[in-house]
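Pasting model.cif here (mmCIF, C-alpha atoms and all ligand atoms):
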```cif
data_entry
#
loop_
_atom_site.label_atom_id
_atom_site.label_comp_id
_atom_site.auth_asym_id
_atom_site.auth_seq_id
_atom_site.Cartn_x
_atom_site.Cartn_y
_atom_site.Cartn_z
CA MET A 1 -7.56 116.52 1.14
CA ASN A 2 -5.83 114.40 -1.50
CA ASP A 3 -6.35 110.94 -0.01
CA ASN A 4 -4.07 109.19 -2.46
CA LEU A 5 -1.21 111.56 -1.82
CA TYR A 6 -1.64 111.28 1.95
CA ARG A 7 -1.64 107.50 1.77
CA TYR A 8 1.33 107.50 -0.61
CA LEU A 9 3.37 109.57 1.84
CA LEU A 10 2.60 107.02 4.52
CA ILE A 11 3.70 104.16 2.28
CA LEU A 12 6.99 105.98 1.68
CA GLY A 13 7.47 107.20 5.23
CA ASP A 14 6.43 104.04 7.08
CA ASN A 15 9.07 101.92 5.37
CA SER A 16 11.83 104.24 6.53
CA MET A 17 10.24 104.65 9.94
CA ILE A 18 9.81 100.99 10.82
CA LEU A 19 13.26 100.12 9.51
CA GLY A 20 14.68 103.08 11.41
CA GLN A 21 12.99 101.82 14.58
CA ARG A 22 14.39 98.31 14.07
CA LEU A 23 17.89 99.73 13.63
CA SER A 24 17.53 101.93 16.69
CA GLU A 25 16.96 98.77 18.77
CA LEU A 26 20.62 98.00 18.03
CA CYS A 27 21.92 101.21 19.59
CA GLY A 28 24.59 100.06 22.02
CA HIS A 29 24.21 96.44 20.87
CA GLY A 30 26.09 96.44 17.56
CA PRO A 31 28.75 93.75 17.09
CA ASN A 32 31.47 96.38 17.43
CA LEU A 33 31.68 100.10 17.89
CA GLU A 34 31.99 101.03 14.21
CA THR A 35 29.01 99.02 13.03
CA ASP A 36 26.97 100.12 16.04
CA ILE A 37 27.60 103.73 15.08
CA ALA A 38 26.96 103.06 11.40
CA LEU A 39 23.62 101.34 12.00
CA THR A 40 22.37 104.03 14.34
CA ASN A 41 23.51 106.72 11.91
CA ILE A 42 21.52 105.02 9.18
CA SER A 43 18.56 104.92 11.55
CA LEU A 44 18.96 108.65 12.15
CA ASP A 45 19.07 109.40 8.42
CA LEU A 46 15.90 107.37 7.93
CA PHE A 47 14.10 109.17 10.75
CA GLY A 48 15.16 112.49 9.26
CA GLN A 49 13.50 111.48 6.00
CA VAL A 50 10.46 110.25 7.90
CA ARG A 51 10.04 113.65 9.52
CA SER A 52 9.90 115.31 6.13
CA TYR A 53 7.27 112.85 4.87
CA MET A 54 5.19 113.08 8.04
CA GLN A 55 5.35 116.87 8.19
CA TYR A 56 4.05 116.95 4.65
CA ALA A 57 1.37 114.36 5.41
CA ALA A 58 0.26 116.40 8.44
CA LYS A 59 0.01 119.52 6.29
CA ILE A 60 -2.17 117.71 3.76
CA LYS A 61 -4.43 116.33 6.44
CA GLY A 62 -4.68 119.73 8.12
CA GLY A 63 -6.55 120.57 11.33
CA GLU A 64 -4.91 119.39 14.51
CA THR A 65 -2.69 116.87 12.75
CA THR A 66 1.04 117.09 13.48
CA GLU A 67 4.03 115.08 12.29
CA ASP A 68 3.99 113.31 15.66
CA SER A 69 0.34 112.38 15.53
CA VAL A 70 0.79 110.96 12.03
CA ALA A 71 3.87 109.02 13.08
CA TYR A 72 2.73 107.73 16.45
CA LEU A 73 -1.01 107.69 16.73
CA ARG A 74 -2.22 105.22 14.19
CA SER A 75 -3.28 101.66 14.84
CA GLU A 76 -1.48 98.71 13.37
CA ARG A 77 -3.60 98.31 10.25
CA ASP A 78 -3.02 101.95 9.39
CA TYR A 79 0.72 101.51 8.95
CA TYR A 80 1.70 100.75 5.37
CA ASN A 81 5.31 99.62 5.53
CA THR A 82 6.39 96.50 3.66
CA ILE A 83 6.80 93.25 5.57
CA LEU A 84 10.56 93.11 4.98
CA VAL A 85 11.37 96.08 7.20
CA GLU A 86 9.52 94.74 10.22
CA GLN A 87 11.62 91.56 10.31
CA GLU A 88 13.65 91.05 13.48
CA ASN A 89 17.31 91.71 14.23
CA THR A 90 17.84 87.95 14.42
CA ASP A 91 21.60 88.23 14.02
CA PHE A 92 24.01 90.58 12.28
CA ALA A 93 23.55 88.77 8.96
CA TYR A 94 19.80 89.43 9.11
CA VAL A 95 20.40 93.07 9.92
CA ILE A 96 22.74 93.45 6.95
CA ALA A 97 20.64 91.47 4.47
CA ARG A 98 17.48 93.37 5.43
CA GLN A 99 19.34 96.65 5.03
CA PHE A 100 20.87 95.63 1.74
CA PHE A 101 17.54 94.60 0.18
CA PHE A 102 15.93 97.79 1.40
CA ASP A 103 18.77 100.02 0.15
CA ALA A 104 18.80 98.28 -3.24
CA PHE A 105 15.12 99.18 -3.53
CA HIS A 106 15.25 102.59 -1.84
CA LYS A 107 17.97 104.19 -3.96
CA PRO A 108 16.29 103.68 -7.38
CA LEU A 109 12.95 104.58 -5.80
CA LEU A 110 14.36 107.93 -4.70
CA GLU A 111 16.01 108.42 -8.09
CA GLN A 112 12.56 108.31 -9.62
CA LEU A 113 10.93 110.42 -6.96
CA MET A 114 13.46 113.17 -7.63
CA ASN A 115 11.50 113.74 -10.84
CA SER A 116 8.14 113.79 -9.09
CA LYS A 117 5.78 116.54 -10.15
CA ASP A 118 5.16 117.12 -6.47
CA GLU A 119 7.83 119.60 -5.42
CA THR A 120 7.96 118.54 -1.79
CA ILE A 121 8.40 114.87 -2.66
CA SER A 122 11.09 115.65 -5.20
CA ALA A 123 12.92 117.82 -2.65
CA ILE A 124 12.76 115.09 0.01
CA ALA A 125 14.03 112.54 -2.52
CA ALA A 126 16.87 114.78 -3.71
CA LYS A 127 17.95 115.16 -0.12
CA SER A 128 17.53 111.52 0.85
CA ILE A 129 19.26 109.99 -2.15
CA LYS A 130 22.62 111.29 -1.01
CA GLU A 131 22.22 109.42 2.25
CA SER A 132 20.79 106.36 0.59
CA LYS A 133 23.93 105.99 -1.56
CA TYR A 134 26.04 105.74 1.58
CA HIS A 135 23.66 103.20 3.08
CA LEU A 136 23.78 100.98 0.00
CA ARG A 137 27.54 101.19 -0.09
CA PHE A 138 27.74 100.17 3.56
CA SER A 139 25.29 97.26 3.29
CA SER A 140 26.76 95.97 -0.01
CA GLU A 141 30.24 95.90 1.47
CA TRP A 142 29.03 93.90 4.45
CA MET A 143 27.12 91.50 2.18
CA ARG A 144 30.39 90.73 0.40
CA ARG A 145 32.35 90.54 3.59
CA LEU A 146 29.97 88.16 5.35
CA GLY A 147 29.26 86.05 2.27
CA ASP A 148 32.92 85.76 1.42
CA GLY A 149 34.07 85.51 5.04
CA THR A 150 34.14 82.42 7.22
CA GLU A 151 31.97 79.34 6.89
CA GLU A 152 29.94 80.63 9.83
CA SER A 153 29.37 84.11 8.41
CA HIS A 154 28.55 82.66 5.01
CA SER A 155 25.96 80.23 6.30
CA ARG A 156 24.33 82.86 8.49
CA LEU A 157 24.07 85.25 5.58
CA GLN A 158 22.68 82.50 3.36
CA ASN A 159 20.01 81.79 5.98
CA ALA A 160 19.13 85.45 6.24
CA VAL A 161 18.85 85.80 2.47
CA ASN A 162 16.71 82.65 2.25
CA ASP A 163 14.25 84.20 4.70
CA LEU A 164 14.34 87.82 3.66
CA TYR A 165 14.65 87.78 -0.10
CA ALA A 166 11.30 86.03 -0.13
CA TYR A 167 9.64 89.29 0.97
CA CYS A 168 11.28 91.56 -1.57
CA MET A 169 8.77 91.36 -4.38
CA GLU A 170 6.26 93.19 -2.24
CA PHE A 171 8.20 96.37 -3.00
CA PHE A 172 7.10 96.10 -6.62
CA GLN A 173 3.49 94.95 -6.23
CA GLU A 174 1.73 98.12 -7.17
CA THR A 175 -1.21 99.11 -4.98
CA GLU A 176 -4.08 101.26 -6.27
CA VAL A 177 -2.60 104.25 -4.49
CA GLU A 178 0.81 103.78 -6.07
CA LYS A 179 -0.75 103.31 -9.48
CA ASN A 180 -2.71 106.51 -9.12
CA MET A 181 0.36 108.43 -7.98
CA LYS A 182 2.43 107.07 -10.85
CA GLU A 183 -0.24 108.03 -13.37
CA ASN A 184 -0.33 111.54 -11.95
CA GLY A 185 3.42 111.93 -12.34
CA ILE A 186 3.87 112.09 -8.56
CA GLY A 187 4.84 108.54 -7.68
CA ALA A 188 7.51 106.14 -8.91
CA ASP A 189 7.14 103.52 -11.62
CA LEU A 190 7.84 100.40 -9.60
CA GLU A 191 8.61 98.32 -12.67
CA LEU A 192 11.58 100.57 -13.39
CA VAL A 193 12.65 100.51 -9.76
CA LYS A 194 12.57 96.73 -9.95
CA VAL A 195 14.94 96.64 -12.93
CA SER A 196 17.46 98.65 -10.98
CA PHE A 197 16.91 96.60 -7.81
CA LEU A 198 17.56 93.33 -9.65
CA LYS A 199 20.67 94.75 -11.23
CA THR A 200 22.11 95.45 -7.78
CA ILE A 201 21.04 92.03 -6.49
CA ASN A 202 22.52 90.24 -9.50
CA GLU A 203 25.77 92.05 -8.99
CA VAL A 204 26.28 91.84 -5.23
CA LEU A 205 24.86 88.42 -4.30
CA PRO A 206 27.12 86.48 -6.71
CA GLN A 207 30.10 88.46 -5.40
CA ALA A 208 29.08 87.38 -1.91
CA GLY A 209 28.76 83.77 -3.11
CA ILE A 210 25.13 83.66 -2.00
CA GLU A 211 22.48 81.52 -3.73
CA TYR A 212 19.17 83.20 -4.37
CA LYS A 213 17.79 82.15 -7.75
CA ASP A 214 15.53 79.43 -6.34
CA ILE A 215 14.05 81.40 -3.47
CA LYS A 216 10.26 81.46 -3.71
CA PHE A 217 8.55 84.73 -3.09
CA ARG A 218 6.12 84.99 -0.21
CA TYR A 219 2.83 86.76 -0.38
CA ALA A 220 3.02 90.00 1.55
CA ASN A 221 0.59 92.86 1.79
CA GLY A 222 2.02 95.36 4.27
CA LYS A 223 1.35 98.26 1.93
CA GLN A 224 -2.38 97.56 2.45
CA GLY A 225 -1.95 97.41 6.23
CA MET A 226 -1.79 93.61 6.56
CA HIS A 227 1.20 92.94 8.78
CA SER A 228 3.02 90.14 10.52
CA GLU A 229 2.63 89.88 14.30
CA LYS A 230 6.05 91.52 14.59
CA LEU A 231 4.74 94.99 13.83
CA GLY A 232 2.58 95.01 16.95
CA TYR A 233 5.64 94.54 19.15
CA ILE A 234 7.50 97.27 17.33
CA LEU A 235 4.60 99.67 17.73
CA SER A 236 4.14 98.97 21.41
CA ASP A 237 7.69 100.20 21.94
CA PHE A 238 7.51 102.94 19.38
CA GLN A 239 4.22 104.43 20.57
CA TYR A 240 4.74 103.96 24.27
CA ILE A 241 5.61 107.54 25.23
CA GLN A 242 2.84 109.12 23.12
CA ARG A 243 0.27 106.66 24.45
CA ALA A 244 1.35 106.99 28.09
CA TYR A 245 1.85 110.77 28.02
CA PRO A 246 -0.33 112.13 25.21
CA ASN A 247 1.07 115.19 23.38
CA MET A 248 4.30 114.97 25.26
CA THR A 249 7.15 116.80 23.51
CA TRP A 250 10.90 116.90 24.11
CA MET B 1 28.41 133.22 2.95
CA VAL B 2 28.74 136.21 5.22
CA GLU B 3 27.66 138.38 2.25
CA LEU B 4 24.24 137.36 3.49
CA LEU B 5 24.70 139.78 6.34
CA GLU B 6 25.63 142.77 4.20
CA ASN B 7 22.15 144.21 4.01
CA ILE B 8 21.57 144.10 7.73
CA SER B 9 22.03 147.50 9.31
CA ASP B 10 21.79 146.43 12.97
CA GLU B 11 25.41 145.66 13.92
CA LYS B 12 24.38 143.98 17.14
CA LEU B 13 22.15 141.57 15.27
CA LYS B 14 24.95 140.73 12.85
CA GLU B 15 27.29 140.08 15.70
CA GLU B 16 24.85 137.74 17.42
CA LEU B 17 24.11 135.82 14.22
CA LEU B 18 27.80 135.29 13.56
CA LYS B 19 28.13 133.64 16.95
CA ILE B 20 25.75 130.79 16.09
CA SER B 21 27.69 127.63 15.40
CA ASP B 22 27.13 123.97 14.71
CA PRO B 23 26.77 122.37 18.17
CA GLU B 24 28.71 119.31 17.05
CA ILE B 25 31.50 121.25 15.32
CA PRO B 26 31.58 124.42 17.43
CA VAL B 27 34.40 126.01 15.41
CA LEU B 28 32.09 126.28 12.39
CA SER B 29 29.62 129.12 12.31
CA VAL B 30 26.36 128.48 10.52
CA PHE B 31 27.74 130.70 7.74
CA ASP B 32 30.92 128.63 7.41
CA LEU B 33 28.75 125.54 7.21
CA GLY B 34 26.59 127.09 4.51
CA VAL B 35 23.25 126.11 6.00
CA ILE B 36 21.81 129.62 5.94
CA ARG B 37 20.47 130.43 2.53
CA LYS B 38 18.74 133.73 3.03
CA ILE B 39 18.20 136.39 5.69
CA ASP B 40 15.70 139.21 5.37
CA VAL B 41 15.10 141.79 8.02
CA ILE B 42 11.81 143.61 7.62
CA ASP B 43 11.12 145.98 10.50
CA LYS B 44 11.16 143.69 13.50
CA ASP B 45 10.85 140.45 11.56
CA VAL B 46 13.93 138.38 10.82
CA ASN B 47 13.16 135.79 8.15
CA ILE B 48 15.72 133.05 7.71
CA GLU B 49 15.89 130.15 5.28
CA LEU B 50 17.79 127.25 6.75
CA THR B 51 18.86 124.10 4.87
CA PRO B 52 19.56 120.88 6.75
CA THR B 53 22.86 119.10 6.19
CA TYR B 54 21.69 115.52 6.72
CA SER B 55 17.95 114.99 7.08
CA GLY B 56 18.16 113.45 10.54
CA CYS B 57 20.91 115.72 11.80
CA PRO B 58 19.99 116.60 15.41
CA ALA B 59 22.14 119.73 15.10
CA MET B 60 19.52 121.35 12.89
CA ASP B 61 16.98 121.70 15.68
CA THR B 62 19.62 123.14 17.98
CA ILE B 63 20.79 125.61 15.33
CA SER B 64 17.24 126.68 14.67
CA MET B 65 16.63 127.16 18.39
CA ASP B 66 19.90 129.07 18.90
CA LEU B 67 19.05 131.42 16.04
CA LYS B 68 15.62 132.03 17.49
CA ILE B 69 16.95 132.78 20.96
CA ALA B 70 19.65 135.12 19.64
CA ILE B 71 17.23 137.02 17.40
CA GLU B 72 14.44 137.30 19.92
CA SER B 73 16.79 138.43 22.69
CA LEU B 74 17.32 141.59 20.60
CA GLY B 75 13.62 142.28 20.36
CA TYR B 76 13.04 140.85 16.90
CA LYS B 77 10.66 138.13 15.85
CA ALA B 78 12.40 135.11 14.28
CA ASN B 79 10.74 133.26 11.40
CA ILE B 80 12.86 130.28 10.53
CA ASN B 81 11.93 128.25 7.50
CA LEU B 82 13.48 124.89 6.77
CA VAL B 83 14.14 124.63 3.04
CA LEU B 84 14.99 121.25 1.54
CA SER B 85 15.58 122.16 -2.06
CA PRO B 86 18.17 122.54 -3.49
CA ALA B 87 19.72 120.10 -1.06
CA TRP B 88 22.77 121.11 0.92
CA SER B 89 26.12 119.90 -0.35
CA THR B 90 29.58 119.95 1.21
CA ASP B 91 30.54 122.42 -1.55
CA TRP B 92 28.64 124.99 0.47
CA ILE B 93 31.17 124.88 3.30
CA SER B 94 33.19 128.08 2.97
CA GLU B 95 36.94 128.10 2.37
CA GLU B 96 37.38 129.56 5.82
CA GLY B 97 35.17 126.79 7.17
CA ARG B 98 37.36 124.14 5.56
CA GLN B 99 40.44 125.61 7.21
CA LYS B 100 38.71 125.76 10.56
CA LEU B 101 37.66 122.12 10.20
CA GLU B 102 41.20 121.01 9.56
CA ALA B 103 42.60 123.02 12.45
CA TYR B 104 39.93 121.44 14.65
CA GLY B 105 41.07 117.93 13.68
CA ILE B 106 38.50 117.07 11.03
CA ALA B 107 39.82 116.53 7.52
CA PRO B 108 37.69 118.61 5.12
CA PRO B 109 35.79 116.87 2.29
CA LEU B 110 37.67 115.93 -0.85
CA GLU B 111 36.12 116.51 -4.24
CA GLU B 112 33.57 113.84 -5.21
CA SER B 113 35.69 111.44 -7.30
CA LEU B 114 38.61 111.57 -4.86
CA ASP B 115 36.20 111.06 -1.98
CA ALA B 116 34.97 107.85 -3.62
CA LYS B 117 38.55 106.70 -4.12
CA ALA B 118 39.32 107.23 -0.45
CA LEU B 119 36.11 105.68 0.87
CA ILE B 120 35.56 102.84 -1.58
CA GLU B 121 38.89 101.93 -3.07
CA GLY B 122 40.86 102.65 0.07
CA GLU B 123 43.29 104.97 -1.67
CA ARG B 124 45.52 106.80 0.76
CA ILE B 125 44.76 110.41 -0.04
CA VAL B 126 43.01 111.90 2.98
CA LYS B 127 45.47 114.12 4.82
CA CYS B 128 46.02 113.42 8.51
CA THR B 129 45.02 116.47 10.51
CA ASN B 130 47.74 115.76 13.04
CA CYS B 131 50.89 115.21 10.93
CA GLN B 132 49.70 116.02 7.34
CA SER B 133 50.68 112.57 6.07
CA THR B 134 48.37 111.01 3.48
CA ASN B 135 49.34 107.53 4.61
CA THR B 136 45.88 107.10 6.12
CA ILE B 137 43.24 104.35 6.13
CA MET B 138 39.51 104.36 6.69
CA VAL B 139 38.45 102.60 9.89
CA SER B 140 34.72 103.14 9.52
CA GLN B 141 32.56 104.73 6.88
CA PHE B 142 30.39 106.25 9.60
CA GLY B 143 32.15 108.20 12.30
CA SER B 144 31.00 110.06 15.39
CA THR B 145 28.22 111.67 13.33
CA ALA B 146 26.58 110.72 10.03
CA CYS B 147 28.54 113.35 8.11
CA LYS B 148 31.94 111.97 9.06
CA ALA B 149 33.99 108.83 8.47
CA LEU B 150 36.62 107.60 10.90
CA PHE B 151 40.21 107.45 9.65
CA LYS B 152 43.52 106.48 11.12
CA CYS B 153 46.96 107.76 10.24
CA GLU B 154 49.49 105.00 9.66
CA ASP B 155 52.41 107.34 10.29
CA CYS B 156 51.55 109.08 13.54
CA LEU B 157 48.92 106.43 14.43
CA GLU B 158 46.34 109.04 15.47
CA PRO B 159 42.68 108.53 14.61
CA PHE B 160 40.82 111.45 13.06
CA ASP B 161 37.48 112.30 11.49
CA TYR B 162 37.01 112.95 7.80
CA PHE B 163 34.07 115.07 6.68
CA LYS B 164 32.56 113.04 3.82
CA CYS B 165 31.74 114.67 0.51
CA LEU B 166 27.98 115.01 0.13
CA LYS B 167 26.71 115.89 -3.32
ZN ZN A 301 49.30 111.48 11.12
#
```

So, in terms of structure tokens, how does the structure I just supplied come out?
Ligand SMILES: [Zn+2]
Amino acid sequence: MNDNLYRYLLILGDNSMILGQRLSELCGHGPNLETDIALTNISLDLFGQVRSYMQYAAKIKGGETTEDSVAYLRSERDYYNTILVEQENTDFAYVIARQFFFDAFHKPLLEQLMNSKDETISAIAAKSIKESKYHLRFSSEWMRRLGDGTEESHSRLQNAVNDLYAYCMEFFQETEVEKNMKENGIGADLELVKVSFLKTINEVLPQAGIEYKDIKFRYANGKQGMHSEKLGYILSDFQYIQRAYPNMTW
Amino acid sequence: MVELLENISDEKLKEELLKISDPEIPVLSVFDLGVIRKIDVIDKDVNIELTPTYSGCPAMDTISMDLKIAIESLGYKANINLVLSPAWSTDWISEEGRQKLEAYGIAPPLEESLDAKALIEGERIVKCTNCQSTNTIMVSQFGSTACKALFKCEDCLEPFDYFKCLK
């Protein structure tokens, strides 16, 4: 088995999966019907992408492994999502800011992965990028609307950005696995993704009237399995059915 | 897309396959939708390549299951392969499919640049499926399913779905 490739698929898939799980918590709780539907649709798109990654990971691992066992049956330290996506749905501004930062990273990441030498990864990326464009459009519009809205919406968004932007540089801290995948022409060059990410940030945040230049980055190491306490709570929900009724299927 | 069926000699099988539709847009057959890329019948094996519309679309599992049931009820073995690449695009919806969509109350996708004008710049160009007016506005970029946006007609005041361009 190619350990680096397996681990790389988990890094890619876990980000979408944990964010998708966070968004699914909002099903029926969105601020209005349209945004509720939008957020759960985004969650569904992300889970669709996750299935492709996990099916591929299961194939690489072989044996009894299935997409479900890869997705559900790991312990906390074996999930490799970034810290940003496990942050809570504190309020709508947090939900939007978290989504926006993720989308601004995800779209250029997929653009690069479309050229991956690995045919399955490039196919997943080519499929996902179409959805990712819609997500970024949705979250950017809401960034502008909240930032340029009322005093209340502006201050809430500013708070969310102050907290969440601090986690964003983790996206671009290259792990050994990502370095190896990049060098083999399979993975993305995170430096290039970062250029594109910052371009989006530098365009949308000023339009939203949000300050961000002085925000200090926080150390984060989710891609190596070091998580905040929040992930444990997410997983206890997420894994409940598979833990309580092993091998259960729909 | 129904050319795909030309090489199949079993009329009954053809008939059953043509009945399979998208569970969320029942007027569209899987051929109208353009999600079936290839069908090969070799003896009692029916091999199908299926392409998902949106990656998380729950309709794909249902379509796959419906195909399997239809094929196996005629004594064949169904081998359904999900193929991701090249990715599905709304250009693959057949002309007949577009007409069926409109008659069903879903405005068919505009071409890419016009789609962006309607969704981003708010240009009034999507035709109301109820009164044909283009005096329409977007209410929500995401509608009842991921593939649709919700619109409202400012003339007849009816809401309707618009099938977003996906390229
Ligand atoms: Zn009308």

Near Cys168 (chain A), counting only C-alpha atoms, which residues have an atom at most 9 Å away, once you skip same-chain residues fewer than 6 positions from it, shown as a PyMOL selection string? chain A and resi 82-84+101-102+105+217-218+220

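With all atoms listed in the file as the atoms that count, the residue of B:Ser21, B:Ser29, B:Ser73, B:Thr53 with the shortest distance to chain A is B:Thr53.
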
Find the residues near region 144-159 of chain A: any atom within 10 Å, counting all atoms listed in the file, skip ones fewer than 2 places away on the same chain, and give them as a CSV table (one decimal) with C-alpha atoms, in the coordinates of the input.
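Contents of selection35.csv, as written:
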```
chain,number,residue,atom,x,y,z
A,91,ASP,CA,21.6,88.2,14.0
A,92,PHE,CA,24.0,90.6,12.3
A,93,ALA,CA,23.6,88.8,9.0
A,94,TYR,CA,19.8,89.4,9.1
A,95,VAL,CA,20.4,93.1,9.9
A,96,ILE,CA,22.7,93.4,7.0
A,97,ALA,CA,20.6,91.5,4.5
A,139,SER,CA,25.3,97.3,3.3
A,140,SER,CA,26.8,96.0,0.0
A,141,GLU,CA,30.2,95.9,1.5
A,142,TRP,CA,29.0,93.9,4.4
A,161,VAL,CA,18.8,85.8,2.5
A,162,ASN,CA,16.7,82.6,2.2
A,163,ASP,CA,14.2,84.2,4.7
A,164,LEU,CA,14.3,87.8,3.7
A,204,VAL,CA,26.3,91.8,-5.2
A,205,LEU,CA,24.9,88.4,-4.3
A,206,PRO,CA,27.1,86.5,-6.7
A,207,GLN,CA,30.1,88.5,-5.4
A,208,ALA,CA,29.1,87.4,-1.9
A,209,GLY,CA,28.8,83.8,-3.1
A,210,ILE,CA,25.1,83.7,-2.0
A,211,GLU,CA,22.5,81.5,-3.7
A,212,TYR,CA,19.2,83.2,-4.4
```

Please identify all polymer residues within 8 Å of region 12-19 of chain A, counting all atoms listed in the file, omitting same-chain residues fewer than 2 positions from it, and present them as a ChimeraX atom specification. /A:8-10,21-23,43,46-47,49-50,53-54,79-82,85-86,234

Written selection (C-alpha atoms) as a JSON list (two decimals), in the coordinates of the input:
```json
[["chain", "number", "residue", "atom", "x", "y", "z"],
["A", 8, "TYR", "CA", 1.33, 107.50, -0.61],
["A", 9, "LEU", "CA", 3.37, 109.57, 1.84],
["A", 10, "LEU", "CA", 2.60, 107.02, 4.52],
["A", 21, "GLN", "CA", 12.99, 101.82, 14.58],
["A", 22, "ARG", "CA", 14.39, 98.31, 14.07],
["A", 23, "LEU", "CA", 17.89, 99.73, 13.63],
["A", 43, "SER", "CA", 18.56, 104.92, 11.55],
["A", 46, "LEU", "CA", 15.90, 107.37, 7.93],
["A", 47, "PHE", "CA", 14.10, 109.17, 10.75],
["A", 49, "GLN", "CA", 13.50, 111.48, 6.00],
["A", 50, "VAL", "CA", 10.46, 110.25, 7.90],
["A", 53, "TYR", "CA", 7.27, 112.85, 4.87],
["A", 54, "MET", "CA", 5.19, 113.08, 8.04],
["A", 79, "TYR", "CA", 0.72, 101.51, 8.95],
["A", 80, "TYR", "CA", 1.70, 100.75, 5.37],
["A", 81, "ASN", "CA", 5.31, 99.62, 5.53],
["A", 82, "THR", "CA", 6.39, 96.50, 3.66],
["A", 85, "VAL", "CA", 11.37, 96.08, 7.20],
["A", 86, "GLU", "CA", 9.52, 94.74, 10.22],
["A", 234, "ILE", "CA", 7.50, 97.27, 17.33]]
```

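CA of Phe31 (chain B) sits 8.1 Å away from CA of Ile93 (chain B).
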